[in-house]
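Note: the block below is data-v5.cif and it holds mmCIF, C-alpha atoms.
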data_upload
loop_
_atom_site.label_atom_id
_atom_site.label_comp_id
_atom_site.auth_asym_id
_atom_site.auth_seq_id
_atom_site.Cartn_x
_atom_site.Cartn_y
_atom_site.Cartn_z
CA MET A 176 303.62 -14.11 -48.36
CA GLU A 177 300.81 -13.31 -45.94
CA ASN A 178 303.24 -11.46 -43.67
CA LYS A 179 304.48 -9.39 -46.59
CA LYS A 180 300.90 -8.49 -47.49
CA GLU A 181 300.18 -7.43 -43.94
CA GLN A 182 303.32 -5.28 -43.84
CA MET A 183 302.49 -3.49 -47.08
CA LYS A 184 301.59 0.17 -46.34
CA VAL A 185 299.11 1.79 -48.68
CA PRO A 186 299.21 5.59 -48.93
CA HIS A 187 296.01 7.18 -47.76
CA PHE A 188 293.95 8.85 -50.50
CA PRO A 189 292.00 11.96 -49.48
CA PRO A 190 288.20 11.83 -49.60
CA LYS A 191 286.39 12.89 -52.75
CA PRO A 192 286.33 16.72 -52.85
CA CYS A 193 283.07 18.60 -52.68
CA LYS A 194 281.90 20.82 -55.52
CA ALA A 195 282.78 23.93 -53.54
CA LEU A 196 286.47 23.12 -53.78
CA THR A 197 288.46 24.23 -56.76
CA CYS A 198 291.78 23.11 -58.17
CA ASN A 199 293.03 26.27 -59.79
CA LYS A 200 295.81 27.09 -57.34
CA LEU A 201 298.32 24.62 -58.69
CA GLU A 202 297.37 24.94 -62.33
CA PRO A 203 300.93 25.96 -63.26
CA PHE A 204 302.53 22.81 -61.81
CA GLY A 205 304.90 21.09 -64.20
CA LEU A 206 308.03 19.00 -64.35
CA GLU A 207 310.94 21.40 -64.83
CA ASN A 208 311.21 22.40 -61.17
CA GLY A 209 310.85 18.90 -59.79
CA THR A 210 312.41 15.48 -60.23
CA LYS A 211 310.87 12.31 -61.50
CA THR A 212 311.87 8.70 -60.89
CA SER A 213 310.55 5.87 -63.02
CA GLN A 214 308.86 3.11 -61.09
CA GLU A 215 308.33 0.24 -63.49
CA SER A 216 306.97 -1.98 -60.72
CA PHE A 217 304.00 0.38 -60.53
CA GLY A 218 303.02 -0.17 -64.17
CA ALA A 219 299.38 0.63 -64.75
CA LYS A 220 298.75 -1.18 -68.04
CA ASN A 221 298.64 -4.88 -68.99
CA ILE A 222 297.95 -5.89 -65.39
CA ASP A 223 298.26 -9.61 -64.87
CA PHE A 224 295.69 -10.57 -62.23
CA SER A 225 297.16 -14.03 -61.96
CA SER A 226 300.40 -12.47 -60.72
CA PRO A 227 301.36 -12.65 -57.03
CA LYS A 228 301.32 -8.85 -57.12
CA LYS A 229 297.61 -8.89 -57.92
CA LYS A 230 296.67 -7.12 -54.67
CA MET A 231 299.32 -4.47 -55.28
CA HIS A 232 297.80 -3.71 -58.67
CA ILE A 233 294.33 -3.59 -57.16
CA THR A 234 295.65 -1.18 -54.53
CA LEU A 235 297.01 1.10 -57.23
CA ASN A 236 293.68 0.95 -58.99
CA SER A 237 292.10 2.50 -55.90
CA TYR A 238 293.93 5.72 -56.83
CA THR A 239 292.72 5.59 -60.41
CA THR A 240 290.23 8.12 -61.73
CA THR A 241 288.62 7.80 -65.14
CA LEU A 242 291.59 9.65 -66.66
CA VAL A 243 294.74 9.40 -64.54
CA GLN A 244 296.37 6.98 -62.16
CA HIS A 245 298.33 8.47 -59.29
CA ILE A 246 299.47 8.18 -55.70
CA PRO A 247 298.50 11.32 -53.76
CA ALA A 248 300.93 14.13 -53.09
CA ASP A 249 302.40 14.69 -49.65
CA LEU A 250 304.81 17.13 -47.99
CA LYS A 251 308.19 15.59 -47.22
CA GLU A 252 310.31 17.31 -44.54
CA ASN A 253 313.84 16.01 -44.96
CA PRO A 254 317.02 17.44 -43.38
CA SER A 255 318.19 18.35 -46.88
CA GLY A 256 315.02 20.34 -47.53
CA TRP A 257 311.26 20.29 -47.95
CA TYR A 258 309.52 19.09 -51.08
CA ILE A 259 306.14 17.92 -52.33
CA GLU A 260 306.18 14.37 -53.71
CA TYR A 261 303.66 12.25 -55.58
CA TYR A 262 303.50 9.49 -58.21
CA CYS A 263 301.65 9.76 -61.48
CA PHE A 264 301.22 7.49 -64.49
CA ASN A 265 303.12 8.73 -67.56
CA PRO A 266 301.17 7.72 -70.70
CA PHE A 267 304.26 8.26 -72.88
CA THR A 268 306.52 5.83 -70.99
CA GLU A 269 303.62 3.72 -69.63
CA LYS A 270 305.24 3.85 -66.21
CA MET A 271 304.38 5.28 -62.81
CA GLU A 272 306.83 8.14 -62.18
CA ARG A 273 307.73 10.14 -59.09
CA ILE A 274 307.37 13.92 -59.22
CA ARG A 275 308.99 16.28 -56.72
CA TYR A 276 308.62 20.05 -56.23
CA LYS A 277 311.13 21.83 -54.02
CA VAL A 278 309.47 24.31 -51.64
CA ASN A 279 312.47 25.59 -49.66
CA LYS A 280 312.34 29.07 -51.21
CA TYR A 281 308.64 29.42 -50.40
CA ARG A 282 309.26 28.07 -46.88
CA ARG A 283 311.90 30.74 -46.20
CA GLN A 284 309.53 33.52 -47.27
CA LEU A 285 307.06 32.70 -44.49
CA GLN A 286 307.42 33.71 -40.85
CA SER A 287 307.84 30.25 -39.33
CA ASP A 288 307.88 26.56 -40.20
CA LYS A 289 304.48 26.21 -38.61
CA ILE A 290 302.97 28.75 -41.02
CA ALA A 291 304.95 27.30 -43.93
CA ARG A 292 303.70 23.81 -43.14
CA ARG A 293 300.10 25.03 -43.08
CA GLU A 294 300.38 26.95 -46.36
CA ILE A 295 302.22 24.17 -48.22
CA ARG A 296 299.66 21.60 -47.10
CA LYS A 297 297.01 23.79 -48.71
CA LEU A 298 298.98 23.51 -51.95
CA VAL A 299 299.22 19.74 -51.49
CA LEU A 300 295.44 19.52 -51.06
CA ASP A 301 294.86 21.56 -54.19
CA LEU A 302 297.30 19.37 -56.12
CA ASN A 303 295.54 16.20 -54.99
CA ILE A 304 292.20 17.65 -56.07
CA LYS A 305 293.69 18.34 -59.49
CA LEU A 306 295.13 14.86 -59.76
CA SER A 307 291.85 13.22 -58.72
CA SER A 308 289.97 15.29 -61.30
CA GLY A 309 292.13 13.94 -64.12
CA TRP A 310 294.96 16.45 -64.49
CA SER A 311 298.36 15.09 -65.49
CA PRO A 312 301.73 16.87 -65.19
CA PHE A 313 302.89 14.97 -68.28
CA MET A 314 300.26 16.59 -70.49
CA GLU A 315 301.51 20.12 -69.86
CA LYS A 316 304.87 21.73 -69.15
CA ASN A 317 304.44 24.91 -67.16
CA PRO A 318 306.90 25.12 -64.24
CA PHE A 319 305.84 26.89 -61.09
CA ASN A 320 308.09 29.05 -58.91
CA TYR A 321 307.30 29.36 -55.22
CA ALA A 322 307.65 33.09 -54.57
CA ASN A 323 305.04 35.37 -53.02
CA ILE A 324 303.81 38.56 -54.67
CA ASN A 325 305.92 40.76 -52.40
CA SER A 326 309.13 39.00 -53.46
CA CYS A 327 308.08 39.12 -57.11
CA ILE A 328 307.67 42.91 -56.90
CA ASP A 329 311.24 43.23 -55.58
CA GLU A 330 312.60 41.00 -58.35
CA TYR A 331 310.65 42.88 -61.03
CA LEU A 332 311.97 46.27 -59.90
CA LEU A 333 315.52 44.93 -59.69
CA ILE A 334 315.35 43.78 -63.31
CA LYS A 335 313.70 46.99 -64.52
CA LYS A 336 316.36 49.07 -62.78
CA SER A 337 318.84 48.07 -65.49
CA GLU A 338 316.33 48.54 -68.33
CA LEU A 339 314.46 51.77 -67.63
CA ARG A 340 315.25 55.46 -67.63
CA PHE A 341 315.17 57.33 -64.33
CA GLU A 342 311.67 58.79 -64.81
CA SER A 343 310.21 55.45 -65.92
CA LEU A 344 311.78 53.59 -62.99
CA HIS A 345 310.35 56.20 -60.61
CA HIS A 346 306.91 55.62 -62.16
CA TYR A 347 307.22 51.82 -61.85
CA THR A 348 308.36 52.10 -58.23
CA SER A 349 305.48 54.42 -57.36
CA MET A 350 302.87 52.16 -58.99
CA LEU A 351 304.14 49.01 -57.29
CA SER A 352 304.58 50.74 -53.91
CA MET A 353 300.91 51.61 -53.95
CA PHE A 354 300.01 48.03 -54.94
CA ARG A 355 302.29 46.59 -52.25
CA LYS A 356 300.75 48.87 -49.60
CA TRP A 357 297.28 47.58 -50.51
CA LEU A 358 298.48 43.96 -50.31
CA ILE A 359 299.92 44.57 -46.83
CA GLU A 360 296.78 46.36 -45.62
CA ASN A 361 294.72 43.36 -46.74
CA LYS A 362 297.27 40.90 -45.27
CA ILE A 363 297.84 39.07 -48.55
CA GLU A 364 301.42 40.15 -49.33
CA THR A 365 302.64 36.54 -48.83
CA MET A 366 300.09 35.21 -51.31
CA LEU A 367 301.38 33.31 -54.34
CA PRO A 368 300.81 35.10 -57.68
CA SER A 369 298.83 32.06 -58.86
CA ASP A 370 296.33 32.69 -56.05
CA PHE A 371 295.76 36.34 -57.00
CA ASN A 372 292.62 35.97 -59.10
CA LYS A 373 290.15 38.28 -60.86
CA SER A 374 288.28 38.89 -57.60
CA TYR A 375 291.39 40.39 -55.96
CA ALA A 376 292.19 42.37 -59.11
CA THR A 377 288.68 43.85 -59.12
CA LYS A 378 288.94 44.79 -55.44
CA TYR A 379 292.22 46.57 -56.02
CA MET A 380 290.97 48.51 -59.04
CA ASN A 381 287.84 49.51 -57.08
CA TYR A 382 290.19 50.77 -54.36
CA VAL A 383 292.10 52.82 -56.96
CA LEU A 384 288.87 54.28 -58.35
CA CYS A 385 287.11 55.06 -55.06
CA GLU A 386 289.90 55.79 -52.59
CA LYS A 387 292.25 57.63 -54.94
CA LYS A 388 289.38 59.23 -56.89
CA VAL A 389 291.15 58.89 -60.24
CA SER A 390 289.75 59.53 -63.70
CA ASN A 391 288.91 56.74 -66.13
CA ARG A 392 292.08 57.51 -68.05
CA THR A 393 294.23 57.15 -64.92
CA TRP A 394 292.31 54.00 -63.92
CA ASN A 395 293.16 52.52 -67.32
CA ASN A 396 296.82 53.42 -66.77
CA TYR A 397 296.86 51.57 -63.43
CA ARG A 398 295.16 48.56 -65.00
CA GLY A 399 297.55 48.58 -67.94
CA PHE A 400 300.58 48.72 -65.68
CA LEU A 401 299.51 45.78 -63.50
CA ARG A 402 298.43 43.88 -66.59
CA ALA A 403 302.02 44.20 -67.87
CA PHE A 404 303.39 43.20 -64.44
CA PHE A 405 301.33 39.98 -64.39
CA PHE A 406 302.33 39.15 -67.96
CA TRP A 407 305.91 39.30 -66.69
CA LEU A 408 304.92 36.93 -63.86
CA ILE A 409 303.49 34.52 -66.43
CA GLU A 410 306.65 34.70 -68.56
CA ASN A 411 308.70 33.86 -65.47
CA SER A 412 306.41 30.97 -64.49
CA TYR A 413 305.05 32.50 -61.29
CA CYS A 414 301.45 32.11 -62.43
CA ALA A 415 299.41 30.97 -65.44
CA LYS A 416 296.66 33.59 -65.72
CA ASN A 417 296.56 37.37 -65.81
CA PRO A 418 293.69 38.61 -63.59
CA PHE A 419 294.02 42.22 -64.81
CA ALA A 420 293.69 41.18 -68.45
CA GLU A 421 290.13 40.08 -67.66
CA LEU A 422 289.08 43.57 -66.50
CA LYS A 423 287.42 45.75 -69.13
CA HIS A 424 289.00 48.97 -70.34
CA LYS A 425 287.07 52.07 -69.26
CA LYS A 426 286.12 54.73 -71.79
CA ASN A 427 288.59 57.61 -71.61
CA GLU A 428 287.39 61.13 -70.99
CA GLU A 429 288.49 63.90 -73.30
CA LYS A 430 291.86 65.41 -72.42
CA ASN A 431 291.50 68.19 -69.90
CA ARG A 432 293.52 70.82 -71.76
CA ASP A 433 292.81 73.51 -74.37
CA ILE A 434 294.97 75.19 -76.94
CA ILE A 435 296.44 78.62 -76.11
CA LEU A 436 295.42 81.42 -78.49
CA ILE A 437 297.98 83.83 -79.91
CA GLU A 438 296.69 86.69 -77.72
CA ASP A 439 297.51 84.71 -74.57
CA ARG A 440 300.83 83.52 -76.00
CA LYS A 441 301.85 87.17 -76.51
CA ARG A 442 301.02 87.89 -72.87
CA ILE A 443 303.07 84.88 -71.78
CA ALA A 444 306.05 85.99 -73.89
CA GLU A 445 305.97 89.55 -72.53
CA TYR A 446 305.78 88.27 -68.95
CA LEU A 447 308.66 85.81 -69.41
CA LEU A 448 310.87 88.36 -71.21
CA GLU A 449 310.68 90.48 -68.10
CA ASN A 450 310.61 87.83 -65.38
CA HIS A 451 312.00 84.48 -66.59
CA TYR A 452 313.91 84.60 -69.88
CA SER A 453 315.26 81.02 -69.56
CA PHE A 454 311.75 79.60 -69.29
CA LEU A 455 310.71 81.59 -72.38
CA ILE A 456 313.34 79.67 -74.38
CA PHE A 457 311.99 76.45 -72.83
CA CYS A 458 308.47 77.36 -74.07
CA LEU A 459 309.79 78.30 -77.54
CA LEU A 460 311.43 74.88 -77.90
CA GLU A 461 308.11 73.24 -77.01
CA TYR A 462 305.96 75.41 -79.29
CA SER A 463 308.22 75.90 -82.34
CA CYS A 464 310.36 72.75 -82.22
CA LEU A 465 307.53 70.54 -80.87
CA MET A 466 309.90 69.10 -78.26
CA ARG A 467 308.15 67.50 -75.33
CA PRO A 468 309.01 68.96 -71.87
CA ILE A 469 310.77 65.77 -70.79
CA GLU A 470 312.80 65.77 -74.01
CA ILE A 471 313.87 69.36 -73.39
CA PHE A 472 315.09 68.41 -69.91
CA ARG A 473 317.02 65.44 -71.36
CA ALA A 474 318.69 67.53 -74.09
CA LYS A 475 322.36 68.31 -73.50
CA ILE A 476 324.41 71.26 -74.72
CA SER A 477 326.21 69.02 -77.21
CA ASP A 478 322.88 68.05 -78.80
CA PHE A 479 322.34 71.60 -80.14
CA ASP A 480 323.90 72.61 -83.46
CA LEU A 481 322.89 76.25 -83.96
CA GLU A 482 324.75 76.53 -87.27
CA LYS A 483 322.73 73.72 -88.87
CA GLN A 484 319.66 74.59 -86.76
CA ILE A 485 319.28 70.99 -85.57
CA VAL A 486 318.78 69.32 -82.17
CA THR A 487 319.81 65.65 -82.24
CA LEU A 488 318.27 63.37 -79.61
CA ASP A 489 319.09 59.68 -79.16
CA GLY A 490 316.71 56.89 -78.15
CA LYS A 491 317.33 57.42 -74.45
CA GLN A 492 316.14 61.03 -74.70
CA THR A 493 312.97 60.69 -76.81
CA LYS A 494 309.55 59.51 -75.76
CA ASN A 495 309.37 56.92 -78.53
CA HIS A 496 312.89 55.55 -77.85
CA GLY A 497 314.03 56.33 -81.39
CA ARG A 498 316.67 58.76 -82.67
CA ARG A 499 315.14 62.14 -83.51
CA LYS A 500 316.46 65.17 -85.44
CA VAL A 501 314.56 68.28 -84.42
CA VAL A 502 314.57 71.26 -86.78
CA ILE A 503 314.99 74.71 -85.19
CA PRO A 504 312.77 77.14 -87.18
CA ASN A 505 314.16 80.47 -88.44
CA ASN A 506 311.76 82.50 -86.28
CA ILE A 507 313.34 81.34 -82.97
CA ILE A 508 317.00 80.72 -83.90
CA GLY A 509 317.85 84.34 -82.98
CA GLU A 510 316.35 84.00 -79.49
CA LEU A 511 318.16 80.70 -78.98
CA ARG A 512 321.52 82.28 -79.91
CA ASN A 513 320.83 85.16 -77.52
CA PHE A 514 320.12 82.67 -74.74
CA PHE A 515 323.38 80.78 -75.41
CA ALA A 516 325.29 84.07 -75.30
CA ALA A 517 323.50 85.44 -72.20
CA THR A 518 324.03 82.17 -70.31
CA ASN A 519 327.62 81.86 -71.54
CA VAL A 520 326.94 78.24 -72.49
CA GLU A 521 330.47 77.77 -73.84
CA ARG A 522 331.94 77.77 -70.32
CA PHE A 523 329.93 74.65 -69.40
CA ASP A 524 330.86 71.07 -70.19
CA PRO A 525 329.05 69.96 -73.42
CA SER A 526 327.68 66.94 -71.52
CA TYR A 527 325.68 69.22 -69.18
CA TYR A 528 321.90 69.43 -69.58
CA LEU A 529 320.95 72.72 -71.23
CA PHE A 530 318.07 73.17 -68.74
CA SER A 531 318.87 72.01 -65.24
CA THR A 532 318.14 73.72 -61.89
CA ASP A 533 316.77 77.27 -62.44
CA TYR A 534 316.66 76.46 -66.19
CA VAL A 535 320.39 76.99 -66.70
CA PRO A 536 323.01 74.36 -67.71
CA GLY A 537 323.85 71.79 -65.05
CA THR A 538 324.37 68.13 -64.20
CA VAL A 539 320.96 67.48 -62.61
CA GLN A 540 318.23 66.21 -64.92
CA LYS A 541 314.88 67.69 -63.97
CA THR A 542 311.44 66.11 -64.45
CA THR A 543 308.19 67.43 -65.90
CA ARG A 544 306.95 68.06 -62.37
CA TYR A 545 309.58 70.80 -62.10
CA SER A 546 308.37 72.59 -65.25
CA GLY A 547 304.74 72.00 -64.24
CA LYS A 548 305.24 73.98 -61.02
CA THR A 549 306.89 76.81 -62.93
CA TRP A 550 304.02 76.91 -65.42
CA ALA A 551 301.43 76.91 -62.62
CA LYS A 552 302.96 80.11 -61.19
CA ILE A 553 302.85 81.79 -64.61
CA ARG A 554 299.27 80.70 -65.20
CA THR A 555 298.24 82.16 -61.84
CA ALA A 556 300.09 85.42 -62.45
CA LEU A 557 298.44 85.89 -65.87
CA LYS A 558 295.06 84.48 -64.76
CA LEU A 559 294.99 81.91 -67.55
CA PRO A 560 292.31 79.19 -67.49
CA MET A 561 293.16 75.90 -65.72
CA LYS A 562 292.87 74.05 -69.03
CA SER A 563 295.82 76.03 -70.35
CA LYS A 564 298.54 73.52 -69.54
CA LEU A 565 302.23 73.67 -70.42
CA TYR A 566 301.72 70.83 -72.89
CA SER A 567 299.01 72.97 -74.52
CA LEU A 568 301.80 74.91 -76.23
CA ARG A 569 302.69 71.84 -78.27
CA ASP A 570 299.01 71.16 -79.03
CA SER A 571 298.54 74.76 -80.13
CA SER A 572 301.52 74.66 -82.48
CA ILE A 573 300.40 71.45 -84.19
CA LEU A 574 296.94 72.90 -84.75
CA ASP A 575 298.38 76.20 -86.04
CA MET A 576 300.60 74.29 -88.50
CA LEU A 577 297.69 72.24 -89.81
CA LEU A 578 295.51 75.38 -90.23
CA SER A 579 298.34 77.16 -92.07
CA ASN A 580 298.10 74.48 -94.78
CA MET A 581 301.45 72.91 -93.87
CA PRO A 582 301.30 69.32 -95.21
CA ALA A 583 300.11 66.90 -92.52
CA LYS A 584 303.01 64.52 -93.23
CA VAL A 585 305.48 67.34 -92.53
CA VAL A 586 303.71 68.18 -89.26
CA GLN A 587 303.71 64.47 -88.35
CA LYS A 588 307.49 64.21 -88.80
CA HIS A 589 308.15 67.44 -86.89
CA ALA A 590 305.88 66.28 -84.02
CA ASP A 591 307.55 62.84 -83.89
CA HIS A 592 304.26 60.96 -84.34
CA HIS A 593 304.37 57.37 -85.55
CA ASP A 594 300.91 57.62 -87.11
CA LEU A 595 299.36 60.39 -89.19
CA LYS A 596 296.06 59.77 -87.38
CA MET A 597 297.68 60.99 -84.17
CA THR A 598 298.66 64.26 -85.88
CA THR A 599 295.25 64.93 -87.42
CA LEU A 600 293.54 64.33 -84.07
CA TYR A 601 294.78 67.76 -83.00
CA ALA A 602 292.39 69.33 -85.52
CA ASN A 603 289.54 68.17 -83.25
CA HIS A 604 290.43 70.75 -80.59
CA GLU A 605 287.73 73.32 -79.92
CA SER A 606 289.21 76.61 -81.06
CA ALA A 607 288.09 80.15 -81.83
CA ILE A 608 290.51 80.01 -84.79
CA ILE A 609 288.59 77.09 -86.28
CA ASP A 610 285.27 78.83 -85.61
CA THR A 611 286.49 82.00 -87.37
CA GLU A 612 287.88 79.97 -90.28
CA ILE A 613 284.50 78.30 -90.77
CA ARG A 614 282.54 81.54 -90.49
CA GLU A 615 284.69 83.47 -92.95
CA ASN A 616 285.79 80.88 -95.47
CA SER A 617 282.92 78.41 -95.86
CA PRO A 618 282.12 77.79 -99.58
CA ASP A 619 279.00 79.30 -101.14
CA PHE A 620 276.00 77.05 -101.79
CA TYR A 621 275.12 79.00 -104.96
#
What's the structure tokens form of this structure?
Amino acid sequence: MENKKEQMKVPHFPPKPCKALTCNKLEPFGLENGTKTSQESFGAKNIDFSSPKKKMHITLNSYTTTLVQHIPADLKENPSGWYIEYYCFNPFTEKMERIRYKVNKYRRQLQSDKIARREIRKLVLDLNIKLSSGWSPFMEKNPFNYANINSCIDEYLLIKKSELRFESLHHYTSMLSMFRKWLIENKIETMLPSDFNKSYATKYMNYVLCEKKVSNRTWNNYRGFLRAFFFWLIENSYCAKNPFAELKHKKNEEKNRDIILIEDRKRIAEYLLENHYSFLIFCLLEYSCLMRPIEIFRAKISDFDLEKQIVTLDGKQTKNHGRRKVVIPNNIIGELRNFFAATNVERFDPSYYLFSTDYVPGTVQKTTRYSGKTWAKIRTALKLPMKSKLYSLRDSSILDMLLSNMPAKVVQKHADHHDLKMTTLYANHESAIIDTEIRENSPDFY
């Protein structure tokens, strides 16, 4: 018996952690990605001190905190693979059970086994701190995947590639490329998502604000995008907290665009009639039909029914992802028919985009950047103010409709707004029309 006692090997328990150490890194640990093996001989309750195994029970008690009994975690390097292993008391089965977490995927993401061994041992230390502080894997079920942020970005874009439209995917790729570049510059691209805390999130958003010199509105867009990205990481068990959700939303500035008065719209029409008739039709669809520029570029020849004066767009073509029937007003239907005749639209395949390269039918779908460049040339030629944007045509039309006493609900439907509040916001634009209306039609006091 004495020889057996001398041969018994007791796992070494790490020293009590100092207050400076934290145990947040392995917060998402759980059971689904590991294995557990019941060890009834390590029972932690109803200990019989008269038993020959008395010393064994006393040994186990040396790993007991006020809340949880456990045997510390350790990295196991087997030929079949690497894993983290530890034992913990399960209060539901009243048995000591073995927990294993496979780390092969994380190991392969690092440059060498030496680096992998160092990084995984950091995780082991954090896990032991959690266990010694009273945490139990049996009291929560939140599996943890070992993949660094760089790999998660690739996986996220791969999934979104099948879900998003071309323009949206381009936006996602651009946003995450900028984020990835910052991670690489700061040498943290191999960091686990669970380690990316509020401090890192704040540093990145300060970089966006100061280095890129963006407005508050754009800053909020960056924050919102990464907030959504980290919520996806949480849903896929890569981390437990969203560091960007903790950052406060900045107050948006007023939109940097004004409405375009009828005098300027007449100048634009005269210029386009002489120099760029196709783009005049583009502008008419935005002003009179309240179609957004991106929706105009997505519209195909087959979507236009000039007899019924309707443009039918499906969910893949509209901003709000819902089917939309756009009414073509009487005052532009003649110009639209002239354009169809002048362009000889009938000779093109109905599946062609009505406005492609050079604003004629084609197979290439253009983006709003393309129309923005065209508008910039027109604005320069006519010496229009910088706040006169292409999208201002849509703003101007909504305001004109509201001032002409057209019912707000009708304007809302035509503008494809989900909420009437969004439609009535356009009445807040500063406008000489509104000023004149107030001066000439204010009610008498007496």
Since I can't run it myself right now, could you work out what the PyMOL selection byres ((chain A and resi 502-515) around 7) selects here and report it as a JSON list (two decimals) with C-alpha atoms, keeping the file's coordinate frame?
[["chain", "number", "residue", "atom", "x", "y", "z"],
["A", 456, "ILE", "CA", 313.34, 79.67, -74.38],
["A", 463, "SER", "CA", 308.22, 75.90, -82.34],
["A", 464, "CYS", "CA", 310.36, 72.75, -82.22],
["A", 484, "GLN", "CA", 319.66, 74.59, -86.76],
["A", 485, "ILE", "CA", 319.28, 70.99, -85.57],
["A", 486, "VAL", "CA", 318.78, 69.32, -82.17],
["A", 500, "LYS", "CA", 316.46, 65.17, -85.44],
["A", 501, "VAL", "CA", 314.56, 68.28, -84.42],
["A", 516, "ALA", "CA", 325.29, 84.07, -75.30],
["A", 517, "ALA", "CA", 323.50, 85.44, -72.20],
["A", 518, "THR", "CA", 324.03, 82.17, -70.31],
["A", 519, "ASN", "CA", 327.62, 81.86, -71.54],
["A", 520, "VAL", "CA", 326.94, 78.24, -72.49]]
Decode the PyMOL selection byres ((chain A and resi 367-380) around 7) for the given file into explicit residues and return them as a PyMOL selection string. chain A and resi 200+322-324+365-366+381-384+413-415+418-419
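Computed from the coordinates, the atom CA of Thr543 of chain A to atom CA of Ile469 of chain A distance equals 5.8 Å.
Comparing the minimum interatomic distances between Glu421 of chain A and each of A:Ser571, A:Leu332, A:Phe405, A:Leu436, counting only C-alpha atoms, we find that A:Phe405 sits nearest.
Shortest atom-to-atom contact with Val586 of chain A among A:Asp570, A:Asp249, A:Glu386, A:Glu615: A:Asp570, counting only C-alpha atoms.
Nearest residue to Tyr347 of chain A, choosing from A:Ile334, A:Leu459, A:Leu465, A:Leu565 and counting only C-alpha atoms: A:Ile334.
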List the spatial neighbours of segment 549-563 of chain A as a PDB file with C-alpha atoms, in the coordinates of the input - criterion: any atom at most 7 Å away, only C-alpha atoms, same-chain residues fewer than 2 positions off excluded.
ATOM      1  CA  ASN A 431     291.500  68.190 -69.900  1.00  0.00           C
ATOM      2  CA  ARG A 432     293.520  70.820 -71.760  1.00  0.00           C
ATOM      3  CA  ASP A 433     292.810  73.510 -74.370  1.00  0.00           C
ATOM      4  CA  ILE A 434     294.970  75.190 -76.940  1.00  0.00           C
ATOM      5  CA  ILE A 435     296.440  78.620 -76.110  1.00  0.00           C
ATOM      6  CA  TYR A 545     309.580  70.800 -62.100  1.00  0.00           C
ATOM      7  CA  SER A 546     308.370  72.590 -65.250  1.00  0.00           C
ATOM      8  CA  GLY A 547     304.740  72.000 -64.240  1.00  0.00           C
ATOM      9  CA  LEU A 565     302.230  73.670 -70.420  1.00  0.00           C
ATOM     10  CA  SER A 567     299.010  72.970 -74.520  1.00  0.00           C
TER      11      SER A 567
END
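Take the PyMOL selection byres ((chain A and resi 348) around 10) and apply it to this file: it picks Ile328, Asp329, Tyr331, Leu332, Lys335, Lys336, Glu342, Ser343, Leu344, His345, His346, Tyr347, Ser349, Met350, Leu351, Ser352, Met353 and Phe354 of chain A.
Taking all atoms listed in the file, the non-local environment of Phe457 of chain A within 10 Å (same-chain residues fewer than 3 positions away omitted) comprises Tyr452, Ser453, Phe454, Leu460, Glu461, Tyr462, Met466, Pro468, Ile471, Phe472, Leu511, Leu529, Phe530, Tyr534 and Ser546 of chain A.
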Quick one: write out the picked residues with C-alpha atoms as a PDB file, keeping the file's coordinate frame?
ATOM      1  CA  TYR A 452     313.910  84.600 -69.880  1.00  0.00           C
ATOM      2  CA  SER A 453     315.260  81.020 -69.560  1.00  0.00           C
ATOM      3  CA  PHE A 454     311.750  79.600 -69.290  1.00  0.00           C
ATOM      4  CA  LEU A 460     311.430  74.880 -77.900  1.00  0.00           C
ATOM      5  CA  GLU A 461     308.110  73.240 -77.010  1.00  0.00           C
ATOM      6  CA  TYR A 462     305.960  75.410 -79.290  1.00  0.00           C
ATOM      7  CA  MET A 466     309.900  69.100 -78.260  1.00  0.00           C
ATOM      8  CA  PRO A 468     309.010  68.960 -71.870  1.00  0.00           C
ATOM      9  CA  ILE A 471     313.870  69.360 -73.390  1.00  0.00           C
ATOM     10  CA  PHE A 472     315.090  68.410 -69.910  1.00  0.00           C
ATOM     11  CA  LEU A 511     318.160  80.700 -78.980  1.00  0.00           C
ATOM     12  CA  LEU A 529     320.950  72.720 -71.230  1.00  0.00           C
ATOM     13  CA  PHE A 530     318.070  73.170 -68.740  1.00  0.00           C
ATOM     14  CA  TYR A 534     316.660  76.460 -66.190  1.00  0.00           C
ATOM     15  CA  SER A 546     308.370  72.590 -65.250  1.00  0.00           C
TER      16      SER A 546
END
Nearest residue to Pro312 of chain A from the set A:Leu285, A:Met576, A:Ala583, A:Cys263 (distances using only C-alpha atoms): A:Cys263
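As for atom CA of Lys251 of chain A and atom CA of Ile290 of chain A, they are spaced 15.5 Å apart.
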